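Structure below is data_37.cif: mmCIF, C-alpha atoms and all ligand atoms.
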data_final
loop_
_atom_site.group_PDB
_atom_site.id
_atom_site.type_symbol
_atom_site.label_atom_id
_atom_site.label_comp_id
_atom_site.auth_asym_id
_atom_site.auth_seq_id
_atom_site.Cartn_x
_atom_site.Cartn_y
_atom_site.Cartn_z
ATOM 1 C CA MET A 1 217.514 -10.896 51.949
ATOM 2 C CA ALA A 2 219.542 -13.814 50.564
ATOM 3 C CA HIS A 3 223.255 -13.496 51.259
ATOM 4 C CA ASN A 4 223.924 -17.213 51.605
ATOM 5 C CA LEU A 5 225.707 -16.578 54.892
ATOM 6 C CA LEU A 6 225.119 -20.209 55.898
ATOM 7 C CA GLN A 7 225.719 -21.850 52.525
ATOM 8 C CA GLY A 8 226.896 -25.437 53.052
ATOM 9 C CA LYS A 9 226.312 -25.350 56.808
ATOM 10 C CA LYS A 10 224.315 -27.947 58.702
ATOM 11 C CA GLY A 11 222.449 -27.236 61.903
ATOM 12 C CA ILE A 12 219.948 -28.462 64.480
ATOM 13 C CA ILE A 13 217.125 -26.199 65.641
ATOM 14 C CA PHE A 14 215.485 -26.931 69.012
ATOM 15 C CA GLY A 15 212.214 -25.379 70.178
ATOM 16 C CA ALA A 16 210.002 -24.467 67.197
ATOM 17 C CA LEU A 17 206.495 -25.007 68.601
ATOM 18 C CA ASP A 18 204.361 -22.727 66.415
ATOM 19 C CA ALA A 19 204.797 -19.794 64.048
ATOM 20 C CA ASN A 20 205.304 -17.409 67.004
ATOM 21 C CA SER A 21 208.269 -19.360 68.387
ATOM 22 C CA ILE A 22 211.583 -17.570 68.106
ATOM 23 C CA ALA A 23 213.081 -20.881 66.907
ATOM 24 C CA TRP A 24 210.530 -21.017 64.062
ATOM 25 C CA LYS A 25 211.799 -17.700 62.658
ATOM 26 C CA ILE A 26 215.410 -18.750 63.150
ATOM 27 C CA ALA A 27 214.813 -22.039 61.309
ATOM 28 C CA GLU A 28 213.256 -20.201 58.363
ATOM 29 C CA ARG A 29 216.065 -17.646 58.250
ATOM 30 C CA CYS A 30 218.829 -20.273 58.423
ATOM 31 C CA VAL A 31 217.330 -22.101 55.443
ATOM 32 C CA GLU A 32 216.913 -18.805 53.535
ATOM 33 C CA GLN A 33 220.615 -18.246 54.125
ATOM 34 C CA GLY A 34 221.553 -21.597 52.576
ATOM 35 C CA ALA A 35 221.711 -23.947 55.591
ATOM 36 C CA GLN A 36 220.398 -27.493 55.821
ATOM 37 C CA ILE A 37 218.642 -28.147 59.114
ATOM 38 C CA VAL A 38 217.183 -30.817 61.370
ATOM 39 C CA LEU A 39 214.250 -29.795 63.569
ATOM 40 C CA THR A 40 213.681 -31.169 67.041
ATOM 41 C CA ASN A 41 211.243 -30.688 69.894
ATOM 42 C CA ALA A 42 209.807 -32.663 72.809
ATOM 43 C CA PRO A 43 207.703 -35.648 71.674
ATOM 44 C CA ILE A 44 204.621 -34.036 73.258
ATOM 45 C CA ALA A 45 205.094 -30.826 71.238
ATOM 46 C CA MET A 46 205.277 -32.951 68.096
ATOM 47 C CA ARG A 47 201.747 -34.155 68.645
ATOM 48 C CA MET A 48 200.411 -30.640 68.272
ATOM 49 C CA GLY A 49 201.382 -30.951 64.644
ATOM 50 C CA GLU A 50 202.440 -27.393 63.814
ATOM 51 C CA ILE A 51 206.112 -28.251 63.442
ATOM 52 C CA LYS A 52 205.317 -30.477 60.450
ATOM 53 C CA LYS A 53 204.410 -27.376 58.416
ATOM 54 C CA LEU A 54 207.789 -25.853 59.201
ATOM 55 C CA ALA A 55 209.528 -29.120 58.351
ATOM 56 C CA GLU A 56 207.876 -29.142 54.920
ATOM 57 C CA ALA A 57 208.731 -25.506 54.258
ATOM 58 C CA CYS A 58 212.347 -26.067 55.309
ATOM 59 C CA ASN A 59 212.687 -29.494 53.731
ATOM 60 C CA ALA A 60 213.929 -30.721 57.098
ATOM 61 C CA PRO A 61 213.474 -33.984 58.996
ATOM 62 C CA ILE A 62 212.051 -33.860 62.515
ATOM 63 C CA ILE A 63 213.826 -35.922 65.165
ATOM 64 C CA PRO A 64 211.925 -35.805 68.473
ATOM 65 C CA ALA A 65 213.956 -35.384 71.670
ATOM 66 C CA ASP A 66 213.088 -34.510 75.226
ATOM 67 C CA VAL A 67 216.001 -32.330 76.369
ATOM 68 C CA THR A 68 215.967 -33.986 79.804
ATOM 69 C CA SER A 69 216.753 -37.417 78.339
ATOM 70 C CA ASN A 70 220.369 -38.462 77.691
ATOM 71 C CA ASP A 71 219.175 -41.194 75.342
ATOM 72 C CA ASP A 72 217.020 -38.807 73.307
ATOM 73 C CA ILE A 73 219.839 -36.272 72.908
ATOM 74 C CA ASN A 74 222.306 -38.995 72.010
ATOM 75 C CA ASN A 75 219.886 -40.354 69.422
ATOM 76 C CA LEU A 76 219.237 -36.869 68.018
ATOM 77 C CA ILE A 77 222.907 -36.063 67.535
ATOM 78 C CA THR A 78 223.734 -39.484 66.087
ATOM 79 C CA LYS A 79 220.777 -39.447 63.663
ATOM 80 C CA SER A 80 221.496 -35.859 62.624
ATOM 81 C CA MET A 81 225.073 -36.778 61.706
ATOM 82 C CA GLU A 82 223.758 -39.745 59.717
ATOM 83 C CA HIS A 83 221.287 -37.474 57.951
ATOM 84 C CA PHE A 84 223.915 -34.851 57.110
ATOM 85 C CA GLY A 85 226.554 -37.452 56.269
ATOM 86 C CA GLY A 86 229.012 -35.729 58.576
ATOM 87 C CA LYS A 87 229.443 -33.334 61.453
ATOM 88 C CA ILE A 88 227.209 -30.450 62.497
ATOM 89 C CA ASP A 89 228.072 -26.734 62.158
ATOM 90 C CA PHE A 90 225.533 -25.011 64.380
ATOM 91 C CA ILE A 91 222.872 -25.665 67.020
ATOM 92 C CA LEU A 92 220.112 -23.422 68.363
ATOM 93 C CA HIS A 93 218.935 -24.173 71.919
ATOM 94 C CA SER A 94 215.579 -22.389 72.207
ATOM 95 C CA VAL A 95 214.019 -24.298 75.070
ATOM 96 C CA GLY A 96 212.495 -23.086 78.298
ATOM 97 C CA MET A 97 209.735 -24.059 80.675
ATOM 98 C CA SER A 98 208.928 -23.192 84.281
ATOM 99 C CA MET A 99 206.912 -25.858 86.056
ATOM 100 C CA ASN A 100 206.288 -23.584 89.049
ATOM 101 C CA ILE A 101 205.033 -20.689 86.901
ATOM 102 C CA ARG A 102 202.866 -23.125 84.981
ATOM 103 C CA LYS A 103 201.359 -24.338 88.260
ATOM 104 C CA GLY A 104 200.859 -20.753 89.472
ATOM 105 C CA ARG A 105 203.553 -20.893 92.176
ATOM 106 C CA ASN A 106 205.574 -17.760 92.834
ATOM 107 C CA TYR A 107 209.241 -17.446 93.815
ATOM 108 C CA MET A 108 208.529 -17.595 97.572
ATOM 109 C CA ASP A 109 206.510 -20.785 97.259
ATOM 110 C CA LEU A 110 208.520 -23.090 95.027
ATOM 111 C CA ASP A 111 207.901 -26.784 94.784
ATOM 112 C CA TYR A 112 211.415 -28.240 94.523
ATOM 113 C CA ASP A 113 210.478 -31.192 92.340
ATOM 114 C CA PHE A 114 209.043 -28.701 89.861
ATOM 115 C CA ASN A 115 212.115 -26.494 90.342
ATOM 116 C CA HIS A 116 214.414 -29.398 89.552
ATOM 117 C CA LYS A 117 212.478 -30.085 86.351
ATOM 118 C CA THR A 118 212.551 -26.394 85.376
ATOM 119 C CA ASN A 119 216.321 -26.239 85.723
ATOM 120 C CA ASP A 120 216.766 -29.524 83.905
ATOM 121 C CA ILE A 121 214.670 -28.412 80.920
ATOM 122 C CA SER A 122 215.762 -24.782 80.765
ATOM 123 C CA ALA A 123 219.451 -24.885 81.742
ATOM 124 C CA THR A 124 221.109 -28.268 82.369
ATOM 125 C CA SER A 125 219.802 -29.360 78.960
ATOM 126 C CA LEU A 126 222.388 -27.053 77.347
ATOM 127 C CA HIS A 127 225.131 -28.879 79.240
ATOM 128 C CA ARG A 128 223.673 -32.265 78.268
ATOM 129 C CA LEU A 129 223.572 -31.190 74.633
ATOM 130 C CA LEU A 130 227.124 -29.823 74.622
ATOM 131 C CA GLN A 131 228.532 -32.789 76.522
ATOM 132 C CA THR A 132 226.870 -35.228 74.111
ATOM 133 C CA CYS A 133 228.295 -33.362 71.106
ATOM 134 C CA TYR A 134 231.714 -33.181 72.778
ATOM 135 C CA LYS A 135 231.830 -36.902 73.503
ATOM 136 C CA LEU A 136 230.563 -37.869 70.042
ATOM 137 C CA ASP A 137 232.868 -35.282 68.419
ATOM 138 C CA ALA A 138 229.783 -34.117 66.552
ATOM 139 C CA LEU A 139 230.625 -30.475 65.829
ATOM 140 C CA ASN A 140 232.906 -29.135 63.119
ATOM 141 C CA GLU A 141 235.747 -26.753 63.968
ATOM 142 C CA TRP A 142 234.419 -23.197 64.343
ATOM 143 C CA GLY A 143 230.973 -24.667 64.979
ATOM 144 C CA SER A 144 228.558 -22.360 66.806
ATOM 145 C CA VAL A 145 226.028 -23.103 69.541
ATOM 146 C CA VAL A 146 223.548 -20.414 70.576
ATOM 147 C CA ALA A 147 221.032 -20.545 73.448
ATOM 148 C CA LEU A 148 218.302 -17.995 74.141
ATOM 149 C CA THR A 149 218.123 -16.218 77.464
ATOM 150 C CA TYR A 150 216.560 -13.225 79.210
ATOM 151 C CA ILE A 151 217.919 -10.289 81.232
ATOM 152 C CA ALA A 152 216.184 -11.577 84.397
ATOM 153 C CA ALA A 153 219.459 -13.531 84.771
ATOM 154 C CA GLN A 154 221.131 -10.221 85.749
ATOM 155 C CA ARG A 155 218.306 -7.971 87.034
ATOM 156 C CA VAL A 156 215.233 -8.733 89.120
ATOM 157 C CA PHE A 157 211.903 -9.078 87.325
ATOM 158 C CA PRO A 158 209.694 -10.381 90.155
ATOM 159 C CA ASP A 159 207.215 -12.388 88.107
ATOM 160 C CA TYR A 160 209.917 -14.176 86.115
ATOM 161 C CA GLY A 161 210.213 -16.388 89.213
ATOM 162 C CA GLU A 162 212.496 -19.407 89.158
ATOM 163 C CA MET A 163 213.265 -18.883 85.461
ATOM 164 C CA ALA A 164 215.662 -16.090 86.478
ATOM 165 C CA ASP A 165 217.828 -18.653 88.261
ATOM 166 C CA ALA A 166 217.527 -21.104 85.380
ATOM 167 C CA LYS A 167 218.676 -18.423 82.922
ATOM 168 C CA SER A 168 221.667 -17.537 85.149
ATOM 169 C CA LEU A 169 222.669 -21.184 85.113
ATOM 170 C CA LEU A 170 222.144 -21.408 81.354
ATOM 171 C CA GLU A 171 224.433 -18.412 80.753
ATOM 172 C CA SER A 172 227.051 -19.855 83.092
ATOM 173 C CA ILE A 173 227.014 -23.194 81.252
ATOM 174 C CA ALA A 174 227.499 -21.359 77.929
ATOM 175 C CA ARG A 175 230.586 -19.654 79.396
ATOM 176 C CA SER A 176 232.059 -22.702 81.091
ATOM 177 C CA PHE A 177 231.488 -25.159 78.257
ATOM 178 C CA GLY A 178 232.486 -22.458 75.784
ATOM 179 C CA TYR A 179 235.952 -22.510 77.332
ATOM 180 C CA HIS A 180 236.395 -26.270 77.050
ATOM 181 C CA TYR A 181 234.871 -26.600 73.570
ATOM 182 C CA GLY A 182 236.890 -23.634 72.320
ATOM 183 C CA LYS A 183 240.078 -25.319 73.499
ATOM 184 C CA LYS A 184 239.080 -28.683 72.049
ATOM 185 C CA ASN A 185 238.070 -27.675 68.547
ATOM 186 C CA LYS A 186 237.304 -24.006 68.347
ATOM 187 C CA VAL A 187 233.579 -24.487 68.877
ATOM 188 C CA ARG A 188 231.853 -21.280 70.003
ATOM 189 C CA VAL A 189 229.084 -21.097 72.603
ATOM 190 C CA ASN A 190 227.045 -17.930 73.220
ATOM 191 C CA THR A 191 223.687 -16.834 74.577
ATOM 192 C CA ILE A 192 221.408 -14.221 73.025
ATOM 193 C CA SER A 193 219.489 -12.214 75.616
ATOM 194 C CA GLN A 194 216.331 -11.329 73.724
ATOM 195 C CA SER A 195 213.681 -8.633 74.342
ATOM 196 C CA PRO A 196 210.322 -9.888 75.644
ATOM 197 C CA THR A 197 208.569 -11.473 72.668
ATOM 198 C CA ARG A 198 204.978 -12.699 72.270
ATOM 199 C CA THR A 199 205.279 -16.501 72.192
ATOM 200 C CA THR A 200 203.759 -19.423 74.097
ATOM 201 C CA ALA A 201 206.613 -19.461 76.651
ATOM 202 C CA GLY A 202 206.768 -15.645 76.907
ATOM 203 C CA SER A 203 203.047 -15.173 77.469
ATOM 204 C CA GLY A 204 203.194 -17.628 80.402
ATOM 205 C CA VAL A 205 204.844 -14.915 82.519
ATOM 206 C CA LYS A 206 202.343 -13.031 84.727
ATOM 207 C CA GLY A 207 201.748 -9.433 83.638
ATOM 208 C CA PHE A 208 203.395 -10.064 80.271
ATOM 209 C CA ASP A 209 201.515 -7.230 78.518
ATOM 210 C CA GLY A 210 202.799 -4.662 81.018
ATOM 211 C CA PHE A 211 206.230 -6.212 80.818
ATOM 212 C CA ILE A 212 206.447 -5.955 77.043
ATOM 213 C CA SER A 213 205.184 -2.369 76.846
ATOM 214 C CA TYR A 214 207.527 -1.256 79.654
ATOM 215 C CA ALA A 215 210.485 -2.780 77.768
ATOM 216 C CA GLU A 216 209.309 -1.094 74.563
ATOM 217 C CA LYS A 217 209.303 2.302 76.321
ATOM 218 C CA MET A 218 212.672 1.676 77.990
ATOM 219 C CA SER A 219 214.531 0.639 74.827
ATOM 220 C CA PRO A 220 215.825 3.431 72.589
ATOM 221 C CA LEU A 221 215.299 1.207 69.534
ATOM 222 C CA GLY A 222 212.132 -0.450 70.871
ATOM 223 C CA ASN A 223 211.809 -4.191 71.517
ATOM 224 C CA ALA A 224 213.655 -6.561 69.213
ATOM 225 C CA THR A 225 211.258 -8.862 67.342
ATOM 226 C CA ALA A 226 211.612 -12.607 66.793
ATOM 227 C CA ASP A 227 212.461 -11.927 63.133
ATOM 228 C CA GLN A 228 215.268 -9.606 64.168
ATOM 229 C CA CYS A 229 216.469 -12.241 66.622
ATOM 230 C CA ALA A 230 216.613 -14.658 63.693
ATOM 231 C CA ASP A 231 218.836 -12.253 61.754
ATOM 232 C CA TYR A 232 221.158 -11.943 64.738
ATOM 233 C CA ALA A 233 221.312 -15.716 65.274
ATOM 234 C CA VAL A 234 222.290 -16.187 61.613
ATOM 235 C CA THR A 235 225.293 -13.887 62.086
ATOM 236 C CA LEU A 236 226.388 -15.951 65.096
ATOM 237 C CA PHE A 237 226.117 -19.193 63.130
ATOM 238 C CA SER A 238 228.040 -17.663 60.227
ATOM 239 C CA ASP A 239 231.791 -17.356 59.745
ATOM 240 C CA LEU A 240 231.563 -13.577 60.204
ATOM 241 C CA THR A 241 231.623 -13.945 64.008
ATOM 242 C CA LYS A 242 234.309 -16.620 64.397
ATOM 243 C CA MET A 243 236.033 -15.046 67.378
ATOM 244 C CA VAL A 244 232.881 -14.484 69.435
ATOM 245 C CA THR A 245 232.471 -17.046 72.204
ATOM 246 C CA MET A 246 231.454 -17.413 75.880
ATOM 247 C CA GLN A 247 229.378 -14.219 75.612
ATOM 248 C CA ASN A 248 225.935 -13.231 76.757
ATOM 249 C CA LEU A 249 224.859 -10.935 73.915
ATOM 250 C CA PHE A 250 222.009 -8.509 74.526
ATOM 251 C CA HIS A 251 219.615 -8.260 71.612
ATOM 252 C CA ASP A 252 217.176 -5.854 73.168
ATOM 253 C CA GLY A 253 217.156 -2.474 71.416
ATOM 254 C CA GLY A 254 219.363 -0.993 74.146
ATOM 255 C CA PHE A 255 217.135 -1.934 77.112
ATOM 256 C CA SER A 256 219.959 -3.476 79.162
ATOM 257 C CA PHE A 257 222.018 -0.276 79.283
ATOM 258 C CA THR A 258 219.213 2.239 79.689
ATOM 259 C CA GLY A 259 218.736 3.589 83.233
ATOM 260 C CA VAL A 260 215.509 5.349 82.437
ATOM 261 C CA SER A 261 213.923 6.725 79.278
ATOM 262 C CA ALA A 262 212.090 9.985 78.600
ATOM 263 C CA GLU A 263 208.867 8.008 77.987
ATOM 264 C CA VAL A 264 209.057 6.293 81.376
ATOM 265 C CA ILE A 265 209.773 9.595 83.182
ATOM 266 C CA GLU A 266 206.827 11.167 81.379
ATOM 267 C CA GLN A 267 204.620 8.308 82.558
ATOM 268 C CA MET A 268 205.822 8.771 86.172
ATOM 269 C CA GLU A 269 205.028 12.477 86.093
ATOM 270 C CA LYS A 270 201.397 11.887 85.120
HETATM 271 P P1 LIG A 301 208.108 -21.234 72.764
HETATM 272 O O1 LIG A 301 207.091 -21.661 73.765
HETATM 273 O O2 LIG A 301 207.660 -21.080 71.371
HETATM 274 O O3 LIG A 301 209.392 -22.180 72.819
HETATM 275 C C1 LIG A 301 209.771 -22.940 73.952
HETATM 276 C C2 LIG A 301 210.092 -24.333 73.432
HETATM 277 O O4 LIG A 301 210.641 -25.178 74.439
HETATM 278 C C3 LIG A 301 208.844 -25.043 72.881
HETATM 279 O O5 LIG A 301 209.048 -25.399 71.527
HETATM 280 C C4 LIG A 301 208.733 -26.267 73.767
HETATM 281 O O6 LIG A 301 208.123 -27.374 73.127
HETATM 282 C C5 LIG A 301 210.203 -26.495 74.108
HETATM 283 N N1 LIG A 301 210.361 -27.437 75.234
HETATM 284 C C6 LIG A 301 209.788 -27.348 76.465
HETATM 285 N N2 LIG A 301 210.113 -28.442 77.194
HETATM 286 C C7 LIG A 301 210.925 -29.206 76.408
HETATM 287 C C8 LIG A 301 211.568 -30.456 76.600
HETATM 288 N N3 LIG A 301 211.487 -31.134 77.761
HETATM 289 N N4 LIG A 301 212.320 -30.967 75.584
HETATM 290 C C9 LIG A 301 212.433 -30.293 74.399
HETATM 291 N N5 LIG A 301 211.841 -29.108 74.173
HETATM 292 C C10 LIG A 301 211.084 -28.571 75.162
HETATM 293 O O7 LIG A 301 208.645 -19.822 73.316
HETATM 294 P P2 LIG A 301 209.896 -18.902 72.930
HETATM 295 O O8 LIG A 301 209.615 -17.595 73.557
HETATM 296 O O9 LIG A 301 210.168 -18.967 71.483
HETATM 297 O O10 LIG A 301 211.082 -19.562 73.773
HETATM 298 C C11 LIG A 301 212.305 -19.935 73.221
HETATM 299 C C12 LIG A 301 213.454 -19.522 74.143
HETATM 300 O O11 LIG A 301 213.556 -18.098 74.137
HETATM 301 C C13 LIG A 301 213.285 -19.944 75.600
HETATM 302 O O12 LIG A 301 214.541 -20.324 76.123
HETATM 303 C C14 LIG A 301 212.830 -18.638 76.238
HETATM 304 O O13 LIG A 301 213.084 -18.600 77.623
HETATM 305 C C15 LIG A 301 213.690 -17.663 75.463
HETATM 306 N N6 LIG A 301 213.293 -16.267 75.564
HETATM 307 C C16 LIG A 301 212.002 -15.904 75.315
HETATM 308 C C17 LIG A 301 211.610 -14.592 75.460
HETATM 309 C C18 LIG A 301 210.183 -14.196 75.263
HETATM 310 O O14 LIG A 301 209.795 -13.110 75.744
HETATM 311 N N7 LIG A 301 209.387 -14.972 74.582
HETATM 312 C C19 LIG A 301 212.577 -13.528 75.850
HETATM 313 C C20 LIG A 301 213.925 -14.012 76.042
HETATM 314 C C21 LIG A 301 214.249 -15.338 75.916
#
Please, can you express the file's structure as structure tokens?
Ligand code: NAI
Amino acid sequence: MAHNLLQGKKGIIFGALDANSIAWKIAERCVEQGAQIVLTNAPIAMRMGEIKKLAEACNAPIIPADVTSNDDINNLITKSMEHFGGKIDFILHSVGMSMNIRKGRNYMDLDYDFNHKTNDISATSLHRLLQTCYKLDALNEWGSVVALTYIAAQRVFPDYGEMADAKSLLESIARSFGYHYGKKNKVRVNTISQSPTRTTAGSGVKGFDGFISYAEKMSPLGNATADQCADYAVTLFSDLTKMVTMQNLFHDGGFSFTGVSAEVIEQMEK
């Protein structure tokens, strides 16, 4: 499906850990559509080695960066501009991690040091990234920044725990910074709210199998896959969506606006 929608564009992709990662599919799709990319992930994720395969396939350098480090983000943006020989057109923020969930702590038993770390990695990092780009004037006019989020920011999903709050903050930062960056040089900032998807981060949520099959039954089109998310992200990085900014965009097969589905009612009547 080569339309060259991103021909001549240059972007940074955060968060490709392995072939299941949503960012992995988005990286592949951006390159298929003519973009040049830089890949980045936390130094620790680098050591697992998988990302090198993607880098080879995409002919992309890897510049490690921990999203909680100002220095790392500054270095990433500066080096990316050097690599591209100019400014950047698009950035994918596909980063999330809950320390409390990882340590088996539920929402009523949060450790606040862990909570602070969760919010820093999963939400404040988008602000840090945008602020660094803003100060370095690193993004071209009509540039596009997309972060991935989940509907637990709006509705309660009990086992999503503290990540629900982190996603609310992430979406708010996209809106607030979207205003300022739009005014400054027409840079667009949006979030994609994706269906549950089988990945390392996704599978960390308790009861994920039930979660994913419930969403499948509740969505008139079924769950959106990571590949379909990649297609959607490409449109947001392209010039076909220039006037879309400060939005939280549901990419979920209709889940978010379905009260109940025939399949779920049928299940309840059993
Ligand atoms: P993933 O586990 O493949 O990706 C998460 C990435 O975050 C990994 O590459 C990890 O190395 C990176 N990361 C964690 N800490 C970091 C740090 N300190 N610095 C830099 N990078 C760091 O899982 P997935 O599902 O592809 O997650 C990507 C995004 O999509 C996340 O924001 C997630 O919350 C979101 N999302 C996932 C859904 C799902 O069901 N899998 C549904 C909706 C949104």
Dump as JSON lines the rows for residues of chain A within 6 Å of ligand LIG 301 (chain A): closest atom pair and distance in Å with one decimal, all atoms listed in the file counted, ordered by chain and rising residue number.
{"residue": "A:Gly15", "atom": "CA", "partner": "A:LIG301", "partner_atom": "O5", "distance": 3.4}
{"residue": "A:Ala16", "atom": "CA", "partner": "A:LIG301", "partner_atom": "O5", "distance": 4.5}
{"residue": "A:Leu17", "atom": "CA", "partner": "A:LIG301", "partner_atom": "O5", "distance": 3.9}
{"residue": "A:Ser21", "atom": "CA", "partner": "A:LIG301", "partner_atom": "O2", "distance": 3.5}
{"residue": "A:Ile22", "atom": "CA", "partner": "A:LIG301", "partner_atom": "O9", "distance": 3.9}
{"residue": "A:Ala23", "atom": "CA", "partner": "A:LIG301", "partner_atom": "O9", "distance": 5.8}
{"residue": "A:Asn41", "atom": "CA", "partner": "A:LIG301", "partner_atom": "N5", "distance": 4.6}
{"residue": "A:Ala42", "atom": "CA", "partner": "A:LIG301", "partner_atom": "C9", "distance": 3.9}
{"residue": "A:Ala45", "atom": "CA", "partner": "A:LIG301", "partner_atom": "O6", "distance": 5.0}
{"residue": "A:Ala65", "atom": "CA", "partner": "A:LIG301", "partner_atom": "C9", "distance": 6.0}
{"residue": "A:Asp66", "atom": "CA", "partner": "A:LIG301", "partner_atom": "N4", "distance": 3.6}
{"residue": "A:Val67", "atom": "CA", "partner": "A:LIG301", "partner_atom": "N4", "distance": 4.0}
{"residue": "A:Thr68", "atom": "CA", "partner": "A:LIG301", "partner_atom": "N3", "distance": 5.7}
{"residue": "A:Ser94", "atom": "CA", "partner": "A:LIG301", "partner_atom": "C12", "distance": 4.1}
{"residue": "A:Val95", "atom": "CA", "partner": "A:LIG301", "partner_atom": "O4", "distance": 3.5}
{"residue": "A:Gly96", "atom": "CA", "partner": "A:LIG301", "partner_atom": "O12", "distance": 4.1}
{"residue": "A:Met97", "atom": "CA", "partner": "A:LIG301", "partner_atom": "C6", "distance": 5.3}
{"residue": "A:Ile121", "atom": "CA", "partner": "A:LIG301", "partner_atom": "N3", "distance": 5.2}
{"residue": "A:Leu148", "atom": "CA", "partner": "A:LIG301", "partner_atom": "O11", "distance": 4.7}
{"residue": "A:Thr149", "atom": "CA", "partner": "A:LIG301", "partner_atom": "C21", "distance": 4.3}
{"residue": "A:Tyr150", "atom": "CA", "partner": "A:LIG301", "partner_atom": "C20", "distance": 4.2}
{"residue": "A:Ser193", "atom": "CA", "partner": "A:LIG301", "partner_atom": "C20", "distance": 5.9}
{"residue": "A:Gln194", "atom": "CA", "partner": "A:LIG301", "partner_atom": "C20", "distance": 4.3}
{"residue": "A:Ser195", "atom": "CA", "partner": "A:LIG301", "partner_atom": "C19", "distance": 5.2}
{"residue": "A:Pro196", "atom": "CA", "partner": "A:LIG301", "partner_atom": "O14", "distance": 3.3}
{"residue": "A:Thr197", "atom": "CA", "partner": "A:LIG301", "partner_atom": "O14", "distance": 3.7}
{"residue": "A:Arg198", "atom": "CA", "partner": "A:LIG301", "partner_atom": "N7", "distance": 5.5}
{"residue": "A:Thr199", "atom": "CA", "partner": "A:LIG301", "partner_atom": "O8", "distance": 4.7}
{"residue": "A:Thr200", "atom": "CA", "partner": "A:LIG301", "partner_atom": "O1", "distance": 4.0}
{"residue": "A:Ala201", "atom": "CA", "partner": "A:LIG301", "partner_atom": "O1", "distance": 3.7}
{"residue": "A:Gly202", "atom": "CA", "partner": "A:LIG301", "partner_atom": "N7", "distance": 3.6}
Generate a file of the selected residues that holds C-alpha atoms, formatted as a compact mmCIF listing (two decimals), in the coordinates of the input.
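Final output, saved to again26.txt:
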# COMPACT_ATOMS: atom_id res chain seq x y z
CA GLY A 15 212.21 -25.38 70.18
CA ALA A 16 210.00 -24.47 67.20
CA LEU A 17 206.50 -25.01 68.60
CA SER A 21 208.27 -19.36 68.39
CA ILE A 22 211.58 -17.57 68.11
CA ALA A 23 213.08 -20.88 66.91
CA ASN A 41 211.24 -30.69 69.89
CA ALA A 42 209.81 -32.66 72.81
CA ALA A 45 205.09 -30.83 71.24
CA ALA A 65 213.96 -35.38 71.67
CA ASP A 66 213.09 -34.51 75.23
CA VAL A 67 216.00 -32.33 76.37
CA THR A 68 215.97 -33.99 79.80
CA SER A 94 215.58 -22.39 72.21
CA VAL A 95 214.02 -24.30 75.07
CA GLY A 96 212.50 -23.09 78.30
CA MET A 97 209.74 -24.06 80.68
CA ILE A 121 214.67 -28.41 80.92
CA LEU A 148 218.30 -18.00 74.14
CA THR A 149 218.12 -16.22 77.46
CA TYR A 150 216.56 -13.22 79.21
CA SER A 193 219.49 -12.21 75.62
CA GLN A 194 216.33 -11.33 73.72
CA SER A 195 213.68 -8.63 74.34
CA PRO A 196 210.32 -9.89 75.64
CA THR A 197 208.57 -11.47 72.67
CA ARG A 198 204.98 -12.70 72.27
CA THR A 199 205.28 -16.50 72.19
CA THR A 200 203.76 -19.42 74.10
CA ALA A 201 206.61 -19.46 76.65
CA GLY A 202 206.77 -15.64 76.91
Result set of the PyMOL selection byres (((chain A and resi 137) around 12) and not hetatm) on the coordinates above, as an MDAnalysis selection string = chainID A and resid 74 77:78 81 86:89 129:136 138:141 143 181 184:185 187
* Chain and number of each residue from the PyMOL selection byres (((chain A and resi 226-231) around 7) and not hetatm), as a list in words ->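 After applying the PyMOL selection byres (((chain A and resi 226-231) around 7) and not hetatm), what remains is Ile22, Lys25, Ile26, Arg29, Thr197, Ala224, Thr225, Tyr232, Ala233, Val234 and Thr235 of chain A.
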Surrounding residues of A:His116 excluding itself and chain neighbours under 4 positions, 12 Å, all atoms listed in the file, as an mmCIF file with C-alpha atoms, in the coordinates of the input:
data_model
loop_
_atom_site.group_PDB
_atom_site.id
_atom_site.type_symbol
_atom_site.label_atom_id
_atom_site.label_comp_id
_atom_site.auth_asym_id
_atom_site.auth_seq_id
_atom_site.Cartn_x
_atom_site.Cartn_y
_atom_site.Cartn_z
ATOM 1 C CA THR A 68 215.967 -33.986 79.804
ATOM 2 C CA MET A 97 209.735 -24.059 80.675
ATOM 3 C CA SER A 98 208.928 -23.192 84.281
ATOM 4 C CA MET A 99 206.912 -25.858 86.056
ATOM 5 C CA ASN A 100 206.288 -23.584 89.049
ATOM 6 C CA LEU A 110 208.520 -23.090 95.027
ATOM 7 C CA ASP A 111 207.901 -26.784 94.784
ATOM 8 C CA TYR A 112 211.415 -28.240 94.523
ATOM 9 C CA ASP A 120 216.766 -29.524 83.905
ATOM 10 C CA ILE A 121 214.670 -28.412 80.920
ATOM 11 C CA SER A 122 215.762 -24.782 80.765
ATOM 12 C CA ALA A 123 219.451 -24.885 81.742
ATOM 13 C CA THR A 124 221.109 -28.268 82.369
ATOM 14 C CA SER A 125 219.802 -29.360 78.960
ATOM 15 C CA GLU A 162 212.496 -19.407 89.158
ATOM 16 C CA MET A 163 213.265 -18.883 85.461
ATOM 17 C CA ASP A 165 217.828 -18.653 88.261
ATOM 18 C CA ALA A 166 217.527 -21.104 85.380
#
query: Looking at only C-alpha atoms, which of A:Met46, A:Leu92, A:Ile192, A:Ile173 is the one that sits closest to A:Ile13?
result: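 That would be A:Leu92, the residue with the smallest distance to A:Ile13.
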For the structure shown, which residues end up in the PyMOL selection byres (((chain A and resi 154-157) around 12) and not hetatm)? Put them as a VMD selection string, please? chain A and resid 107 149 to 153 158 to 169 171 to 172 193 196 205 to 208 210 to 211 214 to 215 248 250 255 to 257
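Nearest residue to A:Asp239 among A:His127, A:His93, A:Lys183, A:Trp142 is A:Trp142, counting all atoms listed in the file.
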